[in-house]
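Enquirer: This is the content of structure_8.cif (mmCIF, C-alpha atoms):
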data_start
#
loop_
_atom_site.group_PDB
_atom_site.id
_atom_site.type_symbol
_atom_site.label_atom_id
_atom_site.label_comp_id
_atom_site.auth_asym_id
_atom_site.auth_seq_id
_atom_site.Cartn_x
_atom_site.Cartn_y
_atom_site.Cartn_z
ATOM 1 C CA MET A 1 0.000 0.000 0.000
ATOM 2 C CA ALA A 2 1.291 3.442 -0.856
ATOM 3 C CA LEU A 3 2.182 5.728 2.003
ATOM 4 C CA PRO A 4 -0.523 8.419 2.319
ATOM 5 C CA VAL A 5 0.945 11.762 1.374
ATOM 6 C CA ALA A 6 -0.966 14.967 1.896
ATOM 7 C CA GLY A 7 -0.470 17.744 -0.571
ATOM 8 C CA TRP A 8 2.626 17.047 -2.583
ATOM 9 C CA PRO A 9 2.935 20.284 -4.539
ATOM 10 C CA ALA A 10 1.598 20.555 -8.061
ATOM 11 C CA PHE A 11 4.405 20.942 -10.571
ATOM 12 C CA ALA A 12 4.613 24.432 -11.962
ATOM 13 C CA ASP A 13 4.994 24.641 -15.725
ATOM 14 C CA ALA A 14 2.236 27.112 -16.451
ATOM 15 C CA GLY A 15 0.848 30.307 -15.063
ATOM 16 C CA PRO A 16 2.225 33.831 -14.837
ATOM 17 C CA ASP A 17 5.970 34.141 -15.203
ATOM 18 C CA SER A 18 7.937 34.891 -12.040
ATOM 19 C CA ASP A 19 10.071 38.005 -11.850
ATOM 20 C CA PRO A 20 13.380 37.085 -13.548
ATOM 21 C CA GLU A 21 15.262 39.521 -11.296
ATOM 22 C CA LYS A 22 14.334 37.412 -8.261
ATOM 23 C CA ILE A 23 15.714 34.363 -10.044
ATOM 24 C CA TYR A 24 18.979 36.140 -10.866
ATOM 25 C CA ARG A 25 19.396 37.131 -7.206
ATOM 26 C CA LEU A 26 18.605 33.597 -6.049
ATOM 27 C CA ALA A 27 21.439 32.274 -8.222
ATOM 28 C CA THR A 28 24.016 34.056 -6.039
ATOM 29 C CA ASN A 29 22.645 32.890 -2.656
ATOM 30 C CA GLN A 30 24.987 31.295 -0.135
ATOM 31 C CA PHE A 31 24.007 28.165 1.804
ATOM 32 C CA GLU A 32 25.176 27.921 5.418
ATOM 33 C CA GLN A 33 25.134 24.117 5.744
ATOM 34 C CA VAL A 34 24.785 21.442 3.078
ATOM 35 C CA ILE A 35 24.899 17.714 2.454
ATOM 36 C CA LEU A 36 27.110 16.762 -0.496
ATOM 37 C CA LEU A 37 25.763 13.984 -2.706
ATOM 38 C CA LYS A 38 28.345 12.714 -5.169
ATOM 39 C CA PRO A 39 28.672 9.759 -7.557
ATOM 40 C CA ALA A 40 30.068 6.619 -5.976
ATOM 41 C CA PRO A 41 33.533 5.701 -7.319
ATOM 42 C CA THR A 42 33.371 3.715 -10.543
ATOM 43 C CA THR A 43 35.668 2.513 -13.297
ATOM 44 C CA ASN A 44 32.922 3.066 -15.879
ATOM 45 C CA GLU A 45 33.751 6.139 -17.958
ATOM 46 C CA HIS A 46 30.550 6.348 -20.014
ATOM 47 C CA LEU A 47 29.121 9.799 -20.736
ATOM 48 C CA ALA A 48 26.462 9.724 -18.007
ATOM 49 C CA ALA A 49 29.137 8.941 -15.414
ATOM 50 C CA LYS A 50 31.358 11.798 -16.594
ATOM 51 C CA LEU A 51 28.509 14.327 -16.500
ATOM 52 C CA ALA A 52 26.869 13.128 -13.266
ATOM 53 C CA PRO A 53 26.162 16.119 -11.009
ATOM 54 C CA LEU A 54 27.317 16.921 -7.523
ATOM 55 C CA ILE A 55 24.262 17.855 -5.458
ATOM 56 C CA LEU A 56 24.524 20.268 -2.550
ATOM 57 C CA GLN A 57 21.339 19.841 -0.549
ATOM 58 C CA GLU A 58 20.771 22.672 1.899
ATOM 59 C CA SER A 59 20.202 21.529 5.483
ATOM 60 C CA ALA A 60 18.046 23.275 8.070
ATOM 61 C CA GLY A 61 20.352 22.072 10.851
ATOM 62 C CA ARG A 62 23.179 19.752 11.819
ATOM 63 C CA HIS A 63 21.142 16.810 13.066
ATOM 64 C CA PHE A 64 20.424 13.866 10.774
ATOM 65 C CA THR A 65 16.689 14.494 11.048
ATOM 66 C CA ASN A 66 17.155 17.936 9.465
ATOM 67 C CA TRP A 67 18.335 16.548 6.143
ATOM 68 C CA ALA A 68 17.654 12.790 5.904
ATOM 69 C CA LYS A 69 14.249 13.316 4.273
ATOM 70 C CA ASP A 70 15.908 15.218 1.414
ATOM 71 C CA LEU A 71 18.112 12.317 0.302
ATOM 72 C CA PRO A 72 17.088 10.725 -3.020
ATOM 73 C CA ALA A 73 16.257 7.025 -2.854
ATOM 74 C CA SER A 74 16.295 4.072 -5.222
ATOM 75 C CA LEU A 75 13.140 2.774 -6.849
ATOM 76 C CA PRO A 76 11.349 -0.064 -5.021
ATOM 77 C CA GLY A 77 12.273 -3.553 -6.112
ATOM 78 C CA ALA A 78 8.651 -4.689 -6.187
ATOM 79 C CA ALA A 79 5.188 -3.159 -6.106
ATOM 80 C CA GLY A 80 3.943 -2.357 -2.642
ATOM 81 C CA ARG A 81 7.355 -1.568 -1.165
ATOM 82 C CA ARG A 82 8.337 1.898 -0.036
ATOM 83 C CA LEU A 83 11.364 3.633 -1.496
ATOM 84 C CA PRO A 84 14.457 2.287 0.293
ATOM 85 C CA GLU A 85 17.110 4.569 1.720
ATOM 86 C CA LYS A 86 19.869 3.969 -0.825
ATOM 87 C CA ALA A 87 20.666 7.232 -2.617
ATOM 88 C CA THR A 88 20.342 6.684 -6.376
ATOM 89 C CA LEU A 89 20.258 8.810 -9.522
ATOM 90 C CA TYR A 90 18.819 7.405 -12.748
ATOM 91 C CA TYR A 91 19.850 8.463 -16.224
ATOM 92 C CA ARG A 92 18.895 8.164 -19.872
ATOM 93 C CA GLU A 93 20.887 9.212 -22.950
ATOM 94 C CA LYS A 94 19.574 10.202 -26.363
ATOM 95 C CA ASP A 95 20.560 12.066 -29.531
ATOM 96 C CA LEU A 96 19.047 15.359 -30.651
ATOM 97 C CA GLU A 97 19.432 16.871 -34.124
ATOM 98 C CA ILE A 98 19.629 20.666 -34.333
ATOM 99 C CA GLY A 99 20.558 22.455 -37.546
ATOM 100 C CA GLY A 100 21.698 19.213 -39.121
ATOM 101 C CA ARG A 101 24.120 18.505 -36.271
ATOM 102 C CA ARG A 102 23.932 15.662 -33.768
ATOM 103 C CA HIS A 103 23.814 16.624 -30.097
ATOM 104 C CA ARG A 104 23.989 14.293 -27.140
ATOM 105 C CA GLN A 105 21.599 14.727 -24.222
ATOM 106 C CA VAL A 106 21.830 13.076 -20.825
ATOM 107 C CA THR A 107 18.917 13.342 -18.412
ATOM 108 C CA TYR A 108 19.121 12.470 -14.715
ATOM 109 C CA TRP A 109 16.149 11.830 -12.446
ATOM 110 C CA TRP A 110 16.044 11.199 -8.735
ATOM 111 C CA PHE A 111 13.090 10.352 -6.505
ATOM 112 C CA TYR A 112 12.420 11.081 -2.848
ATOM 113 C CA PRO A 113 10.660 9.029 -0.181
ATOM 114 C CA PRO A 114 7.131 10.328 0.457
ATOM 115 C CA VAL A 115 6.783 12.846 3.275
ATOM 116 C CA ALA A 116 3.548 12.837 5.238
ATOM 117 C CA ALA A 117 1.882 16.101 6.203
ATOM 118 C CA THR A 118 2.724 17.430 9.663
ATOM 119 C CA ASP A 119 0.526 19.485 11.983
ATOM 120 C CA GLY A 120 -2.202 19.391 9.354
ATOM 121 C CA ARG A 121 -0.016 21.268 6.860
ATOM 122 C CA GLU A 122 0.802 19.997 3.405
ATOM 123 C CA SER A 123 4.367 19.102 2.513
ATOM 124 C CA ALA A 124 6.075 21.594 0.198
ATOM 125 C CA ALA A 125 8.726 19.088 -0.877
ATOM 126 C CA LEU A 126 8.986 18.053 -4.520
ATOM 127 C CA PRO A 127 8.705 14.246 -4.979
ATOM 128 C CA VAL A 128 11.130 14.155 -7.914
ATOM 129 C CA GLN A 129 13.968 16.275 -9.217
ATOM 130 C CA GLY A 130 16.156 16.046 -12.283
ATOM 131 C CA LEU A 131 18.634 17.612 -14.653
ATOM 132 C CA ARG A 132 19.018 17.499 -18.435
ATOM 133 C CA ILE A 133 22.395 18.274 -19.984
ATOM 134 C CA THR A 134 22.786 19.087 -23.683
ATOM 135 C CA LEU A 135 26.168 18.986 -25.400
ATOM 136 C CA ASN A 136 27.224 21.141 -28.329
ATOM 137 C CA SER A 137 28.514 19.714 -31.601
ATOM 138 C CA GLN A 138 32.030 19.615 -30.092
ATOM 139 C CA GLU A 139 30.784 17.269 -27.332
ATOM 140 C CA GLN A 140 31.040 19.922 -24.604
ATOM 141 C CA PRO A 141 28.200 20.377 -22.066
ATOM 142 C CA VAL A 142 26.692 23.838 -22.589
ATOM 143 C CA ILE A 143 23.018 23.686 -21.463
ATOM 144 C CA TRP A 144 21.654 22.524 -18.113
ATOM 145 C CA GLU A 145 17.886 22.386 -17.458
ATOM 146 C CA VAL A 146 16.487 21.669 -13.999
ATOM 147 C CA LEU A 147 13.398 19.465 -13.984
ATOM 148 C CA ALA A 148 11.221 20.843 -11.192
ATOM 149 C CA ASN A 149 10.687 24.113 -9.363
ATOM 150 C CA GLU A 150 8.207 25.046 -6.656
ATOM 151 C CA THR A 151 6.850 27.934 -8.753
ATOM 152 C CA PRO A 152 7.196 28.920 -12.408
ATOM 153 C CA PRO A 153 9.413 29.221 -14.343
ATOM 154 C CA ARG A 154 11.754 26.334 -15.185
ATOM 155 C CA LEU A 155 15.400 27.282 -14.668
ATOM 156 C CA ILE A 156 18.016 26.915 -17.409
ATOM 157 C CA TYR A 157 21.764 27.516 -17.163
ATOM 158 C CA VAL A 158 24.078 28.010 -20.140
ATOM 159 C CA ALA A 159 27.830 27.982 -20.654
ATOM 160 C CA GLY A 160 29.711 31.214 -21.244
ATOM 161 C CA SER A 161 30.753 30.062 -24.721
ATOM 162 C CA LEU A 162 27.112 29.555 -25.730
ATOM 163 C CA GLU A 163 26.057 32.936 -24.334
ATOM 164 C CA HIS A 164 28.923 34.656 -26.178
ATOM 165 C CA ALA A 165 27.917 33.015 -29.472
ATOM 166 C CA ALA A 166 24.282 34.035 -28.875
ATOM 167 C CA GLN A 167 25.377 37.638 -28.289
ATOM 168 C CA GLN A 168 27.406 37.623 -31.497
ATOM 169 C CA GLN A 169 24.467 36.371 -33.554
ATOM 170 C CA HIS A 170 21.391 37.812 -31.817
ATOM 171 C CA GLY A 171 22.713 40.929 -30.111
ATOM 172 C CA ARG A 172 21.067 42.255 -26.965
ATOM 173 C CA PRO A 173 18.835 40.106 -24.719
ATOM 174 C CA VAL A 174 15.081 40.175 -25.281
ATOM 175 C CA ALA A 175 13.116 42.614 -23.127
ATOM 176 C CA GLY A 176 13.008 41.681 -19.462
ATOM 177 C CA ARG A 177 15.804 39.117 -19.651
ATOM 178 C CA ARG A 178 19.480 39.390 -18.774
ATOM 179 C CA PHE A 179 21.069 36.934 -21.207
ATOM 180 C CA ALA A 180 21.131 36.827 -25.014
ATOM 181 C CA ALA A 181 20.549 33.056 -25.137
ATOM 182 C CA ASP A 182 17.193 33.421 -23.334
ATOM 183 C CA ALA A 183 14.291 33.322 -25.821
ATOM 184 C CA GLY A 184 11.836 34.869 -23.353
ATOM 185 C CA GLY A 185 8.214 34.520 -24.420
ATOM 186 C CA PRO A 186 5.438 32.372 -22.936
ATOM 187 C CA HIS A 187 7.498 29.234 -22.292
ATOM 188 C CA PHE A 188 7.777 29.733 -18.529
ATOM 189 C CA SER A 189 11.526 29.292 -18.430
ATOM 190 C CA VAL A 190 14.373 31.662 -17.605
ATOM 191 C CA VAL A 191 18.103 31.453 -18.209
ATOM 192 C CA ALA A 192 19.031 31.960 -14.578
ATOM 193 C CA ARG A 193 22.781 32.169 -14.948
ATOM 194 C CA VAL A 194 25.740 31.881 -17.297
ATOM 195 C CA ILE A 195 28.381 29.540 -15.912
ATOM 196 C CA GLU A 196 32.037 29.201 -16.749
ATOM 197 C CA ASP A 197 33.182 26.666 -19.318
ATOM 198 C CA GLY A 198 35.042 23.911 -17.499
ATOM 199 C CA PRO A 199 38.575 22.905 -18.515
ATOM 200 C CA VAL A 200 37.466 19.268 -18.856
ATOM 201 C CA VAL A 201 34.142 17.456 -19.282
ATOM 202 C CA PHE A 202 32.528 16.860 -15.895
ATOM 203 C CA GLY A 203 29.214 17.283 -14.137
ATOM 204 C CA PRO A 204 27.952 20.529 -12.583
ATOM 205 C CA ILE A 205 27.164 21.362 -8.962
ATOM 206 C CA VAL A 206 23.431 21.708 -8.298
ATOM 207 C CA TYR A 207 22.221 23.607 -5.214
ATOM 208 C CA LEU A 208 18.822 22.544 -3.835
ATOM 209 C CA ARG A 209 16.923 24.383 -1.115
ATOM 210 C CA ALA A 210 15.957 22.818 2.205
ATOM 211 C CA GLY A 211 12.325 21.830 2.642
ATOM 212 C CA THR A 212 11.347 22.082 -1.034
ATOM 213 C CA ARG A 213 14.262 20.482 -2.951
ATOM 214 C CA ALA A 214 13.786 23.310 -5.451
ATOM 215 C CA PRO A 215 16.833 24.703 -7.286
ATOM 216 C CA SER A 216 18.752 27.685 -5.976
ATOM 217 C CA THR A 217 21.549 27.687 -8.535
ATOM 218 C CA LEU A 218 23.895 25.587 -10.653
ATOM 219 C CA ILE A 219 27.600 26.190 -11.149
ATOM 220 C CA CYS A 220 30.676 24.671 -12.751
ATOM 221 C CA ARG A 221 33.030 22.798 -10.430
ATOM 222 C CA CYS A 222 35.650 25.351 -11.448
ATOM 223 C CA MET A 223 33.639 28.199 -9.846
ATOM 224 C CA PRO A 224 33.802 29.315 -6.172
ATOM 225 C CA SER A 225 31.598 27.364 -3.783
ATOM 226 C CA GLN A 226 28.357 28.921 -2.531
ATOM 227 C CA ALA A 227 28.176 26.752 0.585
ATOM 228 C CA ARG A 228 29.991 27.546 3.819
ATOM 229 C CA GLU A 229 30.007 24.113 5.486
ATOM 230 C CA VAL A 230 29.563 20.530 4.261
ATOM 231 C CA LEU A 231 28.027 18.418 7.026
ATOM 232 C CA GLU A 232 28.166 15.028 5.307
ATOM 233 C CA ASN A 233 29.499 13.433 2.115
ATOM 234 C CA ILE A 234 27.090 10.807 0.789
ATOM 235 C CA PRO A 235 27.820 8.719 -2.327
ATOM 236 C CA TYR A 236 24.979 7.911 -4.678
ATOM 237 C CA ALA A 237 24.568 5.062 -7.146
ATOM 238 C CA LEU A 238 24.120 5.866 -10.838
ATOM 239 C CA GLU A 239 21.840 3.535 -12.790
ATOM 240 C CA PRO A 240 19.932 3.559 -16.111
ATOM 241 C CA LEU A 241 16.276 4.488 -15.697
ATOM 242 C CA PRO A 242 14.410 1.155 -15.871
ATOM 243 C CA GLU A 243 11.692 0.806 -18.487
ATOM 244 C CA ASP A 244 9.198 -0.239 -15.803
ATOM 245 C CA TRP A 245 9.859 2.761 -13.546
ATOM 246 C CA ARG A 246 6.138 3.634 -13.507
ATOM 247 C CA ASP A 247 5.241 0.219 -12.100
ATOM 248 C CA LEU A 248 7.998 0.480 -9.512
ATOM 249 C CA LEU A 249 6.831 3.900 -8.329
ATOM 250 C CA SER A 250 3.218 2.779 -8.021
ATOM 251 C CA GLY A 251 4.052 1.096 -4.731
ATOM 252 C CA ALA A 252 5.573 4.233 -3.238
ATOM 253 C CA PHE A 253 3.313 7.180 -4.112
ATOM 254 C CA ASP A 254 -0.400 7.800 -3.924
ATOM 255 C CA ARG A 255 -2.237 8.021 -7.252
ATOM 256 C CA PRO A 256 -2.296 11.855 -7.647
ATOM 257 C CA THR A 257 1.424 12.131 -6.881
ATOM 258 C CA LEU A 258 2.279 9.267 -9.215
ATOM 259 C CA LYS A 259 0.284 10.875 -12.034
ATOM 260 C CA ALA A 260 2.033 14.221 -11.448
ATOM 261 C CA VAL A 261 5.455 12.554 -11.532
ATOM 262 C CA GLU A 262 4.626 10.611 -14.711
ATOM 263 C CA THR A 263 3.376 13.758 -16.448
ATOM 264 C CA LYS A 264 6.390 15.778 -15.367
ATOM 265 C CA LEU A 265 8.936 13.258 -16.601
ATOM 266 C CA ARG A 266 7.112 12.698 -19.896
ATOM 267 C CA ASP A 267 6.757 16.420 -20.633
ATOM 268 C CA PHE A 268 10.336 17.160 -19.638
ATOM 269 C CA ASP A 269 11.598 14.446 -21.964
ATOM 270 C CA ARG A 270 9.554 15.796 -24.886
ATOM 271 C CA GLN A 271 10.203 19.518 -24.528
ATOM 272 C CA ASP A 272 12.369 21.058 -27.229
ATOM 273 C CA ILE A 273 15.141 23.322 -25.997
ATOM 274 C CA ARG A 274 14.925 25.312 -29.252
ATOM 275 C CA ALA A 275 11.657 26.890 -28.071
ATOM 276 C CA ARG A 276 13.295 28.194 -24.891
ATOM 277 C CA LEU A 277 16.696 29.378 -26.115
ATOM 278 C CA ARG A 278 18.045 31.526 -28.953
ATOM 279 C CA LEU A 279 20.641 29.028 -30.065
ATOM 280 C CA PRO A 280 23.433 30.298 -32.327
ATOM 281 C CA ASP A 281 23.995 28.637 -35.693
ATOM 282 C CA ALA A 282 27.441 27.536 -34.505
ATOM 283 C CA PHE A 283 25.862 25.463 -31.732
#
Let me see the structure of the file written as structure tokens.
Expert:
Amino acid sequence: MALPVAGWPAFADAGPDSDPEKIYRLATNQFEQVILLKPAPTTNEHLAAKLAPLILQESAGRHFTNWAKDLPASLPGAAGRRLPEKATLYYREKDLEIGGRRHRQVTYWWFYPPVAATDGRESAALPVQGLRITLNSQEQPVIWEVLANETPPRLIYVAGSLEHAAQQQHGRPVAGRRFAADAGGPHFSVVARVIEDGPVVFGPIVYLRAGTRAPSTLICRCMPSQAREVLENIPYALEPLPEDWRDLLSGAFDRPTLKAVETKLRDFDRQDIRARLRLPDAF
């Protein structure tokens, strides 16, 4: 039987656009205390392993109970079982053709154990989070899209090289936006930040807020940290997303939450980055 969960938040992909200036300010926030989730050591050098993110999960305090609920878990092994405690990220790779060029995309998803309502109040925590990374035609990661946010819009981060090329081709940013690569318009997404191009191919650092698991920012590992203290280092397993993931989740979430998660993952997988960014021809 699924654990009853009161009020997992509706995913926000529609509705009035949030103030981009608030998003830009959020991208520079400092976390006081965090839990570092990092890929477990492996000898496998496939693309998903190279690009796997470091996750800095903000903690509301030092005690285990302050942050344990925000650790991603592995999918149940059989229907009717709750999500176990093992931290796991799932991935899927695919090819995307843009302007006659082949681009690799790697998407990561991670799921959280259900959180019951407390004191009659609904939980504000997102049940799933994820990250999609798109490489340019030179096989360098240049676009990072975060799956879920507690309010619109979806947050996108681009590499400095992509932003520079967008400036060269498109000129000034569209009205109300800070970066030339941002297409603006009614797509409920914002380029939140331009990050430095890394010297080698590796995964980014994703900052998630305590209580909601919503994104605060994303940076390159070559950029200064925005966390003052790491309380714990926790390795996570990296596994391909199983084809029967819907069946596996059915034993962990109630029906409305499961439907919301299914819809979110399906829509995220189908959305075309070309509608949200002004990509340069050289991309």
Enquirer: Run the PyMOL selection byres ((chain A and resi 26) around 10) on the file and write out the hits as a CSV table (one decimal) with C-alpha atoms, keeping the file's coordinate frame.
Expert:
chain,number,residue,atom,x,y,z
A,20,PRO,CA,13.4,37.1,-13.5
A,21,GLU,CA,15.3,39.5,-11.3
A,22,LYS,CA,14.3,37.4,-8.3
A,23,ILE,CA,15.7,34.4,-10.0
A,24,TYR,CA,19.0,36.1,-10.9
A,25,ARG,CA,19.4,37.1,-7.2
A,27,ALA,CA,21.4,32.3,-8.2
A,28,THR,CA,24.0,34.1,-6.0
A,29,ASN,CA,22.6,32.9,-2.7
A,30,GLN,CA,25.0,31.3,-0.1
A,192,ALA,CA,19.0,32.0,-14.6
A,193,ARG,CA,22.8,32.2,-14.9
A,215,PRO,CA,16.8,24.7,-7.3
A,216,SER,CA,18.8,27.7,-6.0
A,217,THR,CA,21.5,27.7,-8.5
Enquirer: Please provide as a ChimeraX atom specification all residues within 10 Å of Arg246 of chain A, with the sequence filter that same-chain residues fewer than 6 positions apart are discarded (counting only C-alpha atoms).
Expert: /A:75,258-259,261-262
Enquirer: Interatomic distance between atom CA of Gln168 of chain A and atom CA of Pro153 of chain A?
Expert: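 That distance, rounded to one decimal, is 26.2 Å.
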Enquirer: Quick check, in Å to one decimal: how far apart do atom CA of Ala148 of chain A and atom CA of Lys50 of chain A lie?
Expert: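 Going from atom CA of Ala148 of chain A over to atom CA of Lys50 of chain A, I get 22.7 Å.
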Enquirer: Which one of A:Ala237, A:Ala48, A:Ala166, A:Ala180 sits closest to Thr107 of chain A if you count only C-alpha atoms?
Expert: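 Going through A:Ala237, A:Ala48, A:Ala166, A:Ala180 one by one, the smallest distance to Thr107 of chain A is for A:Ala48.
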Enquirer: Quick one: which residues end up in the PyMOL selection byres ((chain A and resi 275) around 10) for this structure, as a PyMOL selection string?
Expert: chain A and resi 182-187+189+271-274+276-279
Enquirer: Rank A:Ala252, A:Ile219, A:Ala181, A:Ala227 by their smallest atom-to-atom distance to Gln33 of chain A, using only C-alpha atoms, and report the top residue only.
Expert: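 Smallest distance to Gln33 of chain A is found for A:Ala227.
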Enquirer: Atom CA of Tyr207 of chain A to atom CA of Gln129 of chain A: how many Å, to one decimal?
Expert: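 Atom CA of Gln129 of chain A lies at a distance of 11.7 Å from atom CA of Tyr207 of chain A.
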Enquirer: Identify which of the residues A:Thr151, A:Asn66, A:Gln140, A:Gln57 lies closest to Ile205 of chain A, counting all atoms listed in the file when measuring atom-to-atom distances.
Expert: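 The answer is A:Gln57, which sits nearest to Ile205 of chain A.
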Enquirer: What does the PyMOL selection byres ((chain A and resi 210-214) around 6) select in this file, as a count of residues only?
Expert: 10
Enquirer: Considering only C-alpha atoms, return as a PyMOL selection string whatever protein or nucleic-acid residues lie within 10 Å of Asp269 of chain A, sequence-local ones (same chain, fewer than 6 positions apart) excluded.
Expert: chain A and resi 92+107+132+147+263
